[in-house]
$ cat protein-v4.pdb   # PDB, C-alpha atoms, pLDDT in the B column
ATOM      1  CA  MET A 539       2.140  36.186 -40.653  1.00 51.00           C
ATOM      2  CA  ILE A 540       4.657  33.325 -40.459  1.00 56.00           C
ATOM      3  CA  ASP A 541       5.800  34.473 -37.015  1.00 57.00           C
ATOM      4  CA  ASP A 542       2.221  34.135 -35.791  1.00 55.00           C
ATOM      5  CA  LEU A 543       2.078  30.542 -36.987  1.00 55.00           C
ATOM      6  CA  LEU A 544       5.298  29.649 -35.201  1.00 59.00           C
ATOM      7  CA  GLN A 545       4.075  30.831 -31.808  1.00 58.00           C
ATOM      8  CA  PRO A 546       3.143  28.185 -29.212  1.00 59.00           C
ATOM      9  CA  SER A 547      -0.508  27.275 -28.991  1.00 60.00           C
ATOM     10  CA  LEU A 548      -2.828  29.097 -26.643  1.00 60.00           C
ATOM     11  CA  SER A 549      -3.386  26.030 -24.524  1.00 63.00           C
ATOM     12  CA  GLU A 550      -1.937  26.262 -21.030  1.00 70.00           C
ATOM     13  CA  ARG A 551      -1.990  22.507 -20.632  1.00 73.00           C
ATOM     14  CA  PRO A 552       1.065  20.592 -21.848  1.00 79.00           C
ATOM     15  CA  PRO A 553       0.469  17.961 -24.519  1.00 82.00           C
ATOM     16  CA  ALA A 554      -0.561  14.505 -23.418  1.00 85.00           C
ATOM     17  CA  ARG A 555       2.245  12.035 -22.798  1.00 93.00           C
ATOM     18  CA  PRO A 556       2.203   8.460 -24.115  1.00 95.00           C
ATOM     19  CA  LEU A 557       0.366   5.882 -22.023  1.00 96.00           C
ATOM     20  CA  PHE A 558       1.963   2.857 -20.439  1.00 97.00           C
ATOM     21  CA  SER A 559       1.587  -0.214 -22.618  1.00 96.00           C
ATOM     22  CA  THR A 560      -1.328  -2.606 -22.434  1.00 96.00           C
ATOM     23  CA  THR A 561       1.117  -5.269 -21.250  1.00 96.00           C
ATOM     24  CA  THR A 562       1.949  -3.131 -18.218  1.00 97.00           C
ATOM     25  CA  LEU A 563      -1.749  -2.619 -17.553  1.00 97.00           C
ATOM     26  CA  ILE A 564      -2.697  -6.296 -17.851  1.00 97.00           C
ATOM     27  CA  LEU A 565       0.261  -7.642 -15.869  1.00 97.00           C
ATOM     28  CA  SER A 566      -0.361  -5.083 -13.127  1.00 97.00           C
ATOM     29  CA  GLY A 567      -3.966  -6.240 -12.968  1.00 96.00           C
ATOM     30  CA  LEU A 568      -2.974  -9.901 -12.945  1.00 95.00           C
ATOM     31  CA  PHE A 569      -0.278  -9.706 -10.281  1.00 96.00           C
ATOM     32  CA  GLY A 570      -1.384  -6.590  -8.379  1.00 94.00           C
ATOM     33  CA  GLY A 571      -5.102  -7.255  -8.512  1.00 93.00           C
ATOM     34  CA  GLY A 572      -7.670  -4.543  -8.946  1.00 94.00           C
ATOM     35  CA  VAL A 573      -5.625  -1.987  -7.042  1.00 95.00           C
ATOM     36  CA  GLY A 574      -2.632  -2.595  -9.325  1.00 96.00           C
ATOM     37  CA  ALA A 575      -4.746  -2.184 -12.448  1.00 97.00           C
ATOM     38  CA  LEU A 576      -6.333   0.973 -11.053  1.00 97.00           C
ATOM     39  CA  ALA A 577      -2.901   2.382 -10.203  1.00 97.00           C
ATOM     40  CA  ILE A 578      -1.698   2.092 -13.818  1.00 98.00           C
ATOM     41  CA  PHE A 579      -5.076   3.312 -15.078  1.00 97.00           C
ATOM     42  CA  THR A 580      -4.848   6.374 -12.818  1.00 96.00           C
ATOM     43  CA  VAL A 581      -1.347   7.207 -14.046  1.00 97.00           C
ATOM     44  CA  ASN A 582      -2.513   6.764 -17.659  1.00 97.00           C
ATOM     45  CA  ALA A 583      -5.525   9.020 -17.033  1.00 96.00           C
ATOM     46  CA  GLN A 584      -3.197  11.671 -15.657  1.00 95.00           C
ATOM     47  CA  ARG A 585      -0.799  11.291 -18.605  1.00 95.00           C
ATOM     48  CA  ALA A 586      -3.671  11.648 -21.101  1.00 94.00           C
ATOM     49  CA  HIS A 587      -5.387  14.538 -19.226  1.00 93.00           C
ATOM     50  CA  ARG A 588      -8.608  12.510 -18.903  1.00 93.00           C
ATOM     51  CA  TRP A 589      -9.404  12.860 -15.206  1.00 89.00           C
ATOM     52  CA  SER A 590     -12.958  14.066 -15.666  1.00 90.00           C
ATOM     53  CA  ARG A 591     -13.837  11.216 -18.034  1.00 93.00           C
ATOM     54  CA  ASP A 592     -12.083   8.440 -16.109  1.00 95.00           C
ATOM     55  CA  LEU A 593     -12.857   9.321 -12.512  1.00 95.00           C
ATOM     56  CA  TRP A 594     -15.970   7.126 -12.447  1.00 95.00           C
ATOM     57  CA  LEU A 595     -13.966   3.917 -12.966  1.00 94.00           C
ATOM     58  CA  ILE A 596     -11.517   4.861 -10.230  1.00 93.00           C
ATOM     59  CA  THR A 597     -14.365   5.733  -7.854  1.00 95.00           C
ATOM     60  CA  LEU A 598     -16.365   2.558  -8.512  1.00 95.00           C
ATOM     61  CA  GLY A 599     -13.409   0.253  -9.089  1.00 94.00           C
ATOM     62  CA  LEU A 600     -11.577   0.889  -5.834  1.00 93.00           C
ATOM     63  CA  PRO A 601     -14.287  -0.502  -3.511  1.00 92.00           C
ATOM     64  CA  LEU A 602     -14.783  -3.416  -5.914  1.00 90.00           C
ATOM     65  CA  ALA A 603     -11.043  -4.100  -5.967  1.00 90.00           C
ATOM     66  CA  LEU A 604     -10.729  -3.948  -2.197  1.00 87.00           C
ATOM     67  CA  LEU A 605     -13.858  -5.698  -0.953  1.00 82.00           C
ATOM     68  CA  TRP A 606     -15.081  -8.223  -3.510  1.00 79.00           C
ATOM     69  CA  PRO A 607     -12.016 -10.504  -3.425  1.00 71.00           C
ATOM     70  CA  VAL A 608     -12.213 -10.664   0.369  1.00 69.00           C
ATOM     71  CA  VAL A 609     -15.982 -10.850   0.861  1.00 72.00           C
ATOM     72  CA  GLY A 610     -17.119 -12.376  -2.421  1.00 65.00           C
ATOM     73  CA  MET A 611     -15.112 -15.584  -2.807  1.00 59.00           C
ATOM     74  CA  PRO A 612     -13.276 -16.566   0.399  1.00 60.00           C
ATOM     75  CA  THR A 613     -14.863 -20.030   0.598  1.00 63.00           C
ATOM     76  CA  LEU A 614     -12.889 -21.542  -2.281  1.00 60.00           C
ATOM     77  CA  PRO A 615      -9.357 -22.744  -1.674  1.00 57.00           C
ATOM     78  CA  SER A 616      -7.216 -19.728  -2.572  1.00 71.00           C
ATOM     79  CA  GLY A 617     -10.450 -17.998  -3.561  1.00 73.00           C
ATOM     80  CA  VAL A 618      -9.260 -14.588  -2.405  1.00 76.00           C
ATOM     81  CA  ARG A 619      -6.217 -14.705  -4.693  1.00 80.00           C
ATOM     82  CA  LEU A 620      -8.304 -15.951  -7.614  1.00 84.00           C
ATOM     83  CA  ALA A 621     -10.935 -13.265  -7.093  1.00 84.00           C
ATOM     84  CA  ASN A 622      -8.228 -10.620  -6.772  1.00 87.00           C
ATOM     85  CA  LYS A 623      -6.742 -11.658 -10.125  1.00 90.00           C
ATOM     86  CA  LEU A 624     -10.184 -11.759 -11.780  1.00 91.00           C
ATOM     87  CA  VAL A 625     -11.077  -8.287 -10.528  1.00 92.00           C
ATOM     88  CA  GLY A 626      -7.664  -7.030 -11.653  1.00 95.00           C
ATOM     89  CA  LEU A 627      -8.133  -8.412 -15.156  1.00 96.00           C
ATOM     90  CA  LEU A 628     -11.699  -7.070 -15.348  1.00 96.00           C
ATOM     91  CA  LEU A 629     -10.562  -3.587 -14.362  1.00 96.00           C
ATOM     92  CA  ALA A 630      -7.610  -3.792 -16.776  1.00 97.00           C
ATOM     93  CA  MET A 631     -10.027  -4.672 -19.602  1.00 97.00           C
ATOM     94  CA  LEU A 632     -12.271  -1.730 -18.708  1.00 97.00           C
ATOM     95  CA  ALA A 633      -9.253   0.572 -18.502  1.00 97.00           C
ATOM     96  CA  TYR A 634      -8.070  -0.536 -21.935  1.00 97.00           C
ATOM     97  CA  TRP A 635     -11.554  -0.097 -23.350  1.00 97.00           C
ATOM     98  CA  LEU A 636     -11.742   3.478 -22.056  1.00 96.00           C
ATOM     99  CA  HIS A 637      -8.322   4.366 -23.490  1.00 97.00           C
ATOM    100  CA  ARG A 638      -8.503   2.255 -26.648  1.00 97.00           C
ATOM    101  CA  ASP A 639      -8.543   5.273 -28.989  1.00 96.00           C
ATOM    102  CA  ILE A 640      -5.357   6.633 -27.428  1.00 96.00           C
ATOM    103  CA  TYR A 641      -3.673   3.227 -27.644  1.00 96.00           C
ATOM    104  CA  ARG A 642      -4.673   2.938 -31.324  1.00 96.00           C
ATOM    105  CA  ALA A 643      -3.331   6.420 -32.053  1.00 94.00           C
ATOM    106  CA  GLN A 644      -0.049   5.560 -30.321  1.00 95.00           C
ATOM    107  CA  ASN A 645       0.280   2.416 -32.442  1.00 94.00           C
ATOM    108  CA  LEU A 646      -0.687   4.238 -35.638  1.00 95.00           C
ATOM    109  CA  PHE A 647       1.897   6.974 -35.181  1.00 93.00           C
ATOM    110  CA  GLY A 648       4.545   4.635 -33.786  1.00 95.00           C
ATOM    111  CA  THR A 649       4.755   6.449 -30.469  1.00 93.00           C
ATOM    112  CA  PRO A 650       6.716   4.280 -28.053  1.00 95.00           C
ATOM    113  CA  SER A 651       5.261   3.621 -24.625  1.00 95.00           C
ATOM    114  CA  PRO A 652       7.404   4.603 -21.656  1.00 96.00           C
ATOM    115  CA  ASN A 653       9.247   1.923 -19.733  1.00 95.00           C
ATOM    116  CA  GLY A 654       6.536   0.137 -17.778  1.00 94.00           C
ATOM    117  CA  TRP A 655       8.768  -1.832 -15.410  1.00 95.00           C
ATOM    118  CA  PRO A 656       9.078   0.741 -12.594  1.00 97.00           C
ATOM    119  CA  ALA A 657       5.401   1.703 -12.694  1.00 96.00           C
ATOM    120  CA  GLY A 658       4.281  -1.915 -13.081  1.00 96.00           C
ATOM    121  CA  ILE A 659       6.380  -3.141 -10.169  1.00 97.00           C
ATOM    122  CA  GLY A 660       5.158  -0.233  -8.067  1.00 97.00           C
ATOM    123  CA  ALA A 661       1.540  -1.011  -8.970  1.00 97.00           C
ATOM    124  CA  VAL A 662       1.965  -4.698  -8.095  1.00 97.00           C
ATOM    125  CA  VAL A 663       3.604  -3.874  -4.760  1.00 97.00           C
ATOM    126  CA  LEU A 664       0.934  -1.269  -3.981  1.00 97.00           C
ATOM    127  CA  GLY A 665      -1.868  -3.660  -4.941  1.00 94.00           C
ATOM    128  CA  SER A 666      -0.436  -6.488  -2.857  1.00 91.00           C
ATOM    129  CA  LEU A 667       0.108  -4.288   0.200  1.00 94.00           C
ATOM    130  CA  VAL A 668      -3.292  -2.611   0.095  1.00 91.00           C
ATOM    131  CA  THR A 669      -5.162  -5.855  -0.545  1.00 85.00           C
ATOM    132  CA  GLY A 670      -3.232  -7.601   2.245  1.00 85.00           C
ATOM    133  CA  LEU A 671      -4.002  -4.790   4.696  1.00 88.00           C
ATOM    134  CA  VAL A 672      -7.707  -4.828   3.823  1.00 83.00           C
ATOM    135  CA  GLN A 673      -7.822  -8.624   4.172  1.00 79.00           C
ATOM    136  CA  ALA A 674      -6.096  -8.497   7.544  1.00 82.00           C
ATOM    137  CA  ALA A 675      -8.425  -5.760   8.797  1.00 82.00           C
ATOM    138  CA  LEU A 676     -11.565  -7.563   7.668  1.00 74.00           C
ATOM    139  CA  PHE A 677     -10.455 -10.953   8.974  1.00 74.00           C
ATOM    140  CA  ALA A 678      -9.459  -9.408  12.314  1.00 79.00           C
ATOM    141  CA  ARG A 679     -12.997  -8.038  12.680  1.00 75.00           C
ATOM    142  CA  GLY A 680     -14.553 -11.329  11.608  1.00 71.00           C
ATOM    143  CA  LEU A 681     -16.017  -9.849   8.419  1.00 61.00           C
ATOM    144  CA  GLY A 682     -13.984 -11.799   5.892  1.00 57.00           C
TER     145      GLY A 682
END

$ encode --input "protein-v4.pdb" --output "structure tokens"
Amino acid sequence: MIDDLLQPSLSERPPARPLFSTTTLILSGLFGGGVGALAIFTVNAQRAHRWSRDLWLITLGLPLALLWPVVGMPTLPSGVRLANKLVGLLLAMLAYWLHRDIYRAQNLFGTPSPNGWPAGIGAVVLGSLVTGLVQAALFARGLG
């Protein structure tokens, strides 16, 4: 009887790993724009095994993150950068809202978040590169 209780669970999926901190998520959204926020959100969705529930934000957020800063607000001085930061913060807020129960559970049980520096820097670099490439492509075609 006791040996049966000590056996591993029947689940083939490994347990969920802790999410990156909200600070990593927000700073990636602020400095990496929408693409940076979505990068951290995607990694967190993978770590929490929530792909099926979180895929809608990735699918709808990527076109918003790429096109709205370039097409939506280019008339203001530095409007593209401002819009990119606003979209990044909006997507970071939505990402936190979707994972808020996991973040609360991590805080309740004192589970430390993994080091967010490498992932955060990678998300910021990725967001800056992708947004810059999209801006250059749209401006070259006269669409931005």

$ residues_around --input "protein-v4.pdb" --residues "Trp635 (chain A)" --least-positions-apart "4" --cutoff "12 Å" --atoms "only C-alpha atoms" --output "number ranges by chain"
A: 560, 563, 579, 592, 595, 628-631, 639-642

$ closest_residue --input "protein-v4.pdb" --among "A:Pro607, A:Ile596, A:Gly680, A:Gln673" --to "Ala577 (chain A)" --atoms "only C-alpha atoms"
A:Ile596

$ axis_aligned_box --input "protein-v4.pdb" --around "region 586-597 of chain A" --padding-each-side "5 Å" --output "AutoDock Vina command-line options"
--center_x -9.8 --center_y 9.2 --center_z -14.5 --size_x 22.3 --size_y 20.6 --size_z 23.2

$ residues_near_point --input "protein-v4.pdb" --point "(-2.7, -0.4, -9.5)" --cutoff "9 Å" --atoms "only C-alpha atoms" --output "VMD selection string"
chain A and resid 563 566 to 567 570 to 581 626 657 to 658 660 to 665

$ atom_distance --input "protein-v4.pdb" --atom1 "CA of Arg619 (chain A)" --atom2 "CA of Asn653 (chain A)"
27.2 Å

$ atom_distance --input "protein-v4.pdb" --atom1 "CA of Arg638 (chain A)" --atom2 "CA of Val625 (chain A)"
19.4 Å

$ residues_around --input "protein-v4.pdb" --residues "Leu557 (chain A)" --least-positions-apart "2" --cutoff "7 Å" --atoms "all atoms listed in the file" --output "list in words"
Arg555, Ser559, Asn582, Arg585 and Ser651 of chain A

$ closest_residue --input "protein-v4.pdb" --among "A:Tyr634, A:Ala643, A:Thr649, A:Phe677" --to "Ile564 (chain A)" --atoms "all atoms listed in the file"
A:Tyr634

$ atom_distance --input "protein-v4.pdb" --atom1 "CA of Phe558 (chain A)" --atom2 "CA of His587 (chain A)"
13.9 Å

$ decode --input "protein-v4.pdb" --residues "region 547-621 of chain A" --atoms "C-alpha atoms" --output "JSON list (two decimals), in the first residue's frame"
[["chain", "number", "residue", "atom", "x", "y", "z"],
["A", 547, "SER", "CA", 2.15, 10.23, -10.64],
["A", 548, "LEU", "CA", 0.56, 8.96, -13.81],
["A", 549, "SER", "CA", 1.01, 12.26, -15.57],
["A", 550, "GLU", "CA", 3.49, 12.16, -18.44],
["A", 551, "ARG", "CA", 3.93, 15.91, -18.34],
["A", 552, "PRO", "CA", 6.59, 17.29, -15.99],
["A", 553, "PRO", "CA", 5.41, 19.71, -13.32],
["A", 554, "ALA", "CA", 5.13, 23.36, -14.23],
["A", 555, "ARG", "CA", 8.20, 25.49, -13.61],
["A", 556, "PRO", "CA", 8.08, 28.90, -11.92],
["A", 557, "LEU", "CA", 7.27, 31.88, -14.12],
["A", 558, "PHE", "CA", 9.58, 34.80, -14.72],
["A", 559, "SER", "CA", 8.81, 37.68, -12.39],
["A", 560, "THR", "CA", 6.35, 40.44, -13.16],
["A", 561, "THR", "CA", 9.29, 42.85, -13.16],
["A", 562, "THR", "CA", 10.86, 40.92, -16.03],
["A", 563, "LEU", "CA", 7.55, 40.96, -17.88],
["A", 564, "ILE", "CA", 6.91, 44.69, -17.41],
["A", 565, "LEU", "CA", 10.46, 45.81, -18.18],
["A", 566, "SER", "CA", 10.53, 43.62, -21.29],
["A", 567, "GLY", "CA", 7.30, 45.26, -22.41],
["A", 568, "LEU", "CA", 8.58, 48.74, -21.65],
["A", 569, "PHE", "CA", 11.97, 48.44, -23.34],
["A", 570, "GLY", "CA", 11.25, 45.69, -25.88],
["A", 571, "GLY", "CA", 7.77, 46.82, -26.83],
["A", 572, "GLY", "CA", 4.96, 44.45, -27.57],
["A", 573, "VAL", "CA", 7.26, 41.83, -29.06],
["A", 574, "GLY", "CA", 9.39, 41.82, -25.90],
["A", 575, "ALA", "CA", 6.34, 41.41, -23.67],
["A", 576, "LEU", "CA", 5.00, 38.63, -25.90],
["A", 577, "ALA", "CA", 8.38, 36.87, -25.81],
["A", 578, "ILE", "CA", 8.36, 36.66, -21.99],
["A", 579, "PHE", "CA", 4.66, 35.78, -22.02],
["A", 580, "THR", "CA", 5.31, 32.94, -24.48],
["A", 581, "VAL", "CA", 8.13, 31.54, -22.34],
["A", 582, "ASN", "CA", 5.90, 31.79, -19.24],
["A", 583, "ALA", "CA", 3.05, 30.02, -21.07],
["A", 584, "GLN", "CA", 5.44, 27.23, -21.98],
["A", 585, "ARG", "CA", 6.77, 27.01, -18.41],
["A", 586, "ALA", "CA", 3.23, 26.81, -17.00],
["A", 587, "HIS", "CA", 1.95, 24.36, -19.68],
["A", 588, "ARG", "CA", -0.79, 26.81, -20.73],
["A", 589, "TRP", "CA", -0.37, 26.92, -24.50],
["A", 590, "SER", "CA", -3.97, 26.15, -25.33],
["A", 591, "ARG", "CA", -5.30, 28.86, -23.01],
["A", 592, "ASP", "CA", -2.76, 31.55, -23.91],
["A", 593, "LEU", "CA", -2.40, 31.12, -27.65],
["A", 594, "TRP", "CA", -5.10, 33.70, -28.40],
["A", 595, "LEU", "CA", -3.08, 36.55, -26.86],
["A", 596, "ILE", "CA", 0.03, 35.55, -28.80],
["A", 597, "THR", "CA", -1.96, 35.29, -32.03],
["A", 598, "LEU", "CA", -3.76, 38.63, -31.62],
["A", 599, "GLY", "CA", -0.95, 40.46, -29.86],
["A", 600, "LEU", "CA", 1.78, 39.89, -32.43],
["A", 601, "PRO", "CA", 0.11, 41.84, -35.28],
["A", 602, "LEU", "CA", -0.86, 44.56, -32.79],
["A", 603, "ALA", "CA", 2.71, 44.73, -31.49],
["A", 604, "LEU", "CA", 4.22, 44.89, -34.96],
["A", 605, "LEU", "CA", 1.84, 47.15, -36.88],
["A", 606, "TRP", "CA", 0.10, 49.56, -34.52],
["A", 607, "PRO", "CA", 3.23, 51.42, -33.35],
["A", 608, "VAL", "CA", 4.29, 51.96, -36.96],
["A", 609, "VAL", "CA", 0.93, 52.68, -38.57],
["A", 610, "GLY", "CA", -1.07, 54.03, -35.64],
["A", 611, "MET", "CA", 1.00, 56.90, -34.23],
["A", 612, "PRO", "CA", 3.87, 57.92, -36.55],
["A", 613, "THR", "CA", 2.77, 61.57, -36.78],
["A", 614, "LEU", "CA", 3.83, 62.53, -33.25],
["A", 615, "PRO", "CA", 7.47, 63.31, -32.56],
["A", 616, "SER", "CA", 8.90, 59.97, -31.45],
["A", 617, "GLY", "CA", 5.37, 58.59, -31.75],
["A", 618, "VAL", "CA", 6.54, 55.18, -32.91],
["A", 619, "ARG", "CA", 8.67, 54.68, -29.79],
["A", 620, "LEU", "CA", 5.88, 55.91, -27.53],
["A", 621, "ALA", "CA", 3.32, 53.66, -29.20]]
